[in-house]
Amino acid sequence: MSVGPYSVIEDGVTIGNGTTIGNFVTIVSGTTIGENCQVFHYCSLGEKPQDMKYRGEETRVEIGDNVVLREYVTVNRGTAAHGITQVGSNTLLMAYVHIAHDCLIGENVILANLVTLGGHVEIGDWASLGGGVLVHQFSKIGKHVFVGGGFRIVQDVPPFILAAGEPLRYAGINRVGLMRRGFSEESRRNIKRAYRWFFRSELKRSEALEKMKTELAAEPAVQDIIDFISASERGVI
């Protein structure tokens, strides 16, 4: 491990082997950082949440292995509601990303410059958010999602799709991303078919879900879609 000048690391911080800490970084007690991470200059990790309900309770931040945090990234600790803010392994947080309290970020996620997450946001594995995306608190973003830069997320974004526009809307499946990650042509075709029923047919959304369950539930990716939409509390874009 190496630490640059003028960085402050409090007692109660755990940092894995091979991790590098840049200049003017602040890491607060209760923060765990995995192995082989790169924390660039001026990051703030584990600081108190910007939440009026926070009363000084002992909460944590956990960052996995091989995570890159570019300049001025801020990751706030959890609150009593969940107790922890998590960033999964192999994730890239570009400059000025803000991750608020109680967020749960999966593995292999990319958050481009200036992405801002409200509290309690959940992001699935392999999701990618373009520069300047704003995410409303409690929103959930499914795995393998790609959201175009500069848009707002105020409802849940189901897995495997491209999303863009104002208000944010379905813009097709994330075909290139799914191909890169080994999804078969048949699986991609079934995902596209399921979303055609849900977003672009005259079926009611409840009817589209039933049709997925009846005709495509044997496809694991479609079952993931069904489970995500069925569990949504904010509603789907």
# chains A, B, ... in the order shown; residues from 1 in each chain; ligands from 1

call {"tool": "select_by_dssp", "arguments": {"residues": "region 13-187 of chain A", "states": "alpha helix (DSSP H)", "output": "VMD selection string"}}
result
chain A and resid 175 to 180 185 to 187

call {"tool": "residues_around", "arguments": {"residues": "region 171-183 of chain A", "least_positions_apart": "4", "cutoff": "8 Å", "atoms": "only C-alpha atoms", "output": "JSON, numbers by chain"}}
result
{"A": [144, 145, 146, 160, 161, 162, 163, 164, 187, 188, 191, 192]}

call {"tool": "write_last_selection", "arguments": {"atoms": "N, CA and C atoms", "output": "compact mmCIF listing (two decimals), in the first residue's frame"}}
result
# COMPACT_ATOMS: atom_id res chain seq x y z
N HIS A 144 -26.58 -4.94 -16.20
CA HIS A 144 -26.32 -4.81 -17.64
C HIS A 144 -27.10 -3.67 -18.28
N VAL A 145 -27.46 -2.68 -17.50
CA VAL A 145 -28.15 -1.49 -18.03
C VAL A 145 -27.12 -0.48 -18.52
N PHE A 146 -27.45 0.24 -19.58
CA PHE A 146 -26.65 1.39 -20.01
C PHE A 146 -27.58 2.60 -20.09
N PHE A 160 -30.82 -5.13 -18.51
CA PHE A 160 -30.46 -5.47 -19.88
C PHE A 160 -30.83 -4.42 -20.92
N ILE A 161 -31.19 -3.21 -20.52
CA ILE A 161 -31.70 -2.27 -21.51
C ILE A 161 -30.79 -1.05 -21.68
N LEU A 162 -31.00 -0.35 -22.79
CA LEU A 162 -30.51 1.01 -22.97
C LEU A 162 -31.63 1.96 -22.55
N ALA A 163 -31.27 3.03 -21.85
CA ALA A 163 -32.28 4.01 -21.43
C ALA A 163 -31.77 5.41 -21.75
N ALA A 164 -32.65 6.24 -22.26
CA ALA A 164 -32.29 7.62 -22.63
C ALA A 164 -33.56 8.45 -22.68
N SER A 187 -30.81 -15.89 -26.22
CA SER A 187 -31.11 -15.16 -25.00
C SER A 187 -31.39 -13.69 -25.29
N ARG A 188 -30.58 -13.08 -26.15
CA ARG A 188 -30.82 -11.67 -26.51
C ARG A 188 -32.16 -11.51 -27.23
N ILE A 191 -34.90 -11.64 -24.58
CA ILE A 191 -34.95 -10.39 -23.82
C ILE A 191 -35.66 -9.31 -24.63
N LYS A 192 -35.29 -9.20 -25.89
CA LYS A 192 -35.90 -8.19 -26.76
C LYS A 192 -37.40 -8.44 -26.92

call {"tool": "residues_around", "arguments": {"residues": "Phe151 (chain A)", "least_positions_apart": "4", "cutoff": "8 Å", "atoms": "only C-alpha atoms", "output": "list in words"}}
result
Gly132, Val133, Leu134, Val147, Ala164, Gly165, Glu166 and Leu168 of chain A

call {"tool": "write_last_selection", "arguments": {"atoms": "C-alpha atoms", "output": "PDB file, in the first residue's frame"}}
result
ATOM      1  CA  GLY A 132     -23.832  13.701 -15.396  1.00  0.00           C
ATOM      2  CA  VAL A 133     -26.633  11.197 -14.725  1.00  0.00           C
ATOM      3  CA  LEU A 134     -28.702  12.108 -11.650  1.00  0.00           C
ATOM      4  CA  VAL A 147     -28.038   4.890 -19.298  1.00  0.00           C
ATOM      5  CA  ALA A 164     -32.292   7.616 -22.626  1.00  0.00           C
ATOM      6  CA  GLY A 165     -34.542  10.659 -23.024  1.00  0.00           C
ATOM      7  CA  GLU A 166     -36.405  13.106 -20.831  1.00  0.00           C
ATOM      8  CA  LEU A 168     -36.116   8.536 -19.218  1.00  0.00           C
TER       9      LEU A 168
END

call {"tool": "select_by_dssp", "arguments": {"residues": "region 119-233 of chain A", "states": "strand (DSSP E or B)", "output": "list in words"}}
result
Glu122, Ile123, Ser128, Leu129, Leu134, Val135, Lys140, Ile141, Phe146, Val147, Arg152, Ile153, Asp156, Val157, Ile161, Leu162, Ala163, Ala164, Arg169, Tyr170, Ala171, Gly172 and Ile173 of chain A

call {"tool": "closest_atom_pairs", "arguments": {"of": "region 81-105 of chain A", "to": "region 45-60 of chain A", "cutoff": "9 Å", "atoms": "only C-alpha atoms", "output": "CSV"}}
result
residue,atom,partner,partner_atom,distance
A:His82,CA,A:Thr59,CA,8.6
A:Gly83,CA,A:Thr59,CA,4.9
A:Ile84,CA,A:Arg60,CA,4.7
A:Thr85,CA,A:Arg60,CA,6.4
A:Gln86,CA,A:Arg60,CA,8.5
A:Ala100,CA,A:Pro49,CA,6.7
A:His101,CA,A:Pro49,CA,5.5
A:Asp102,CA,A:Pro49,CA,9.0

call {"tool": "closest_residue", "arguments": {"among": "A:Asn190, A:Ala80, A:Asp11, A:Ser89", "to": "Ile63 (chain A)", "atoms": "only C-alpha atoms"}}
result
A:Ser89

call {"tool": "closest_residue", "arguments": {"among": "A:Asp156, A:Glu62, A:Glu202, A:Glu207", "to": "Gly142 (chain A)", "atoms": "only C-alpha atoms"}}
result
A:Asp156

call {"tool": "atom_distance", "arguments": {"atom1": "CA of Thr91 (chain A)", "atom2": "CA of Asp65 (chain A)"}}
result
8.5 Å

call {"tool": "closest_residue", "arguments": {"among": "A:Glu71, A:Glu186, A:Glu107, A:Glu10", "to": "Gly22 (chain A)", "atoms": "only C-alpha atoms"}}
result
A:Glu71

call {"tool": "closest_residue", "arguments": {"among": "A:Gly12, A:Gly148, A:Gly4, A:Pro220", "to": "Gln38 (chain A)", "atoms": "only C-alpha atoms"}}
result
A:Gly4

call {"tool": "closest_residue", "arguments": {"among": "A:Ile9, A:Leu111, A:Leu203, A:Ile99", "to": "Gln137 (chain A)", "atoms": "only C-alpha atoms"}}
result
A:Ile99

call {"tool": "residues_around", "arguments": {"residues": "Ile123 (chain A)", "least_positions_apart": "4", "cutoff": "9 Å", "atoms": "only C-alpha atoms", "output": "MDAnalysis selection string"}}
result
chainID A and resid 103:106 109 127 139:143

call {"tool": "write_last_selection", "arguments": {"atoms": "C-alpha atoms", "output": "mmCIF file, in the first residue's frame"}}
result
data_model
loop_
_atom_site.group_PDB
_atom_site.id
_atom_site.type_symbol
_atom_site.label_atom_id
_atom_site.label_comp_id
_atom_site.auth_asym_id
_atom_site.auth_seq_id
_atom_site.Cartn_x
_atom_site.Cartn_y
_atom_site.Cartn_z
ATOM 1 C CA CYS A 103 -26.288 2.924 -1.718
ATOM 2 C CA LEU A 104 -25.557 -0.625 -2.897
ATOM 3 C CA ILE A 105 -23.403 -0.745 -6.036
ATOM 4 C CA GLY A 106 -22.755 -4.090 -7.709
ATOM 5 C CA VAL A 109 -20.158 -1.054 -12.646
ATOM 6 C CA ALA A 127 -24.472 -1.416 -15.243
ATOM 7 C CA SER A 139 -34.253 4.153 -7.344
ATOM 8 C CA LYS A 140 -33.054 0.742 -8.531
ATOM 9 C CA ILE A 141 -31.059 0.107 -11.714
ATOM 10 C CA GLY A 142 -30.886 -3.424 -13.063
ATOM 11 C CA LYS A 143 -27.826 -5.341 -14.162
#
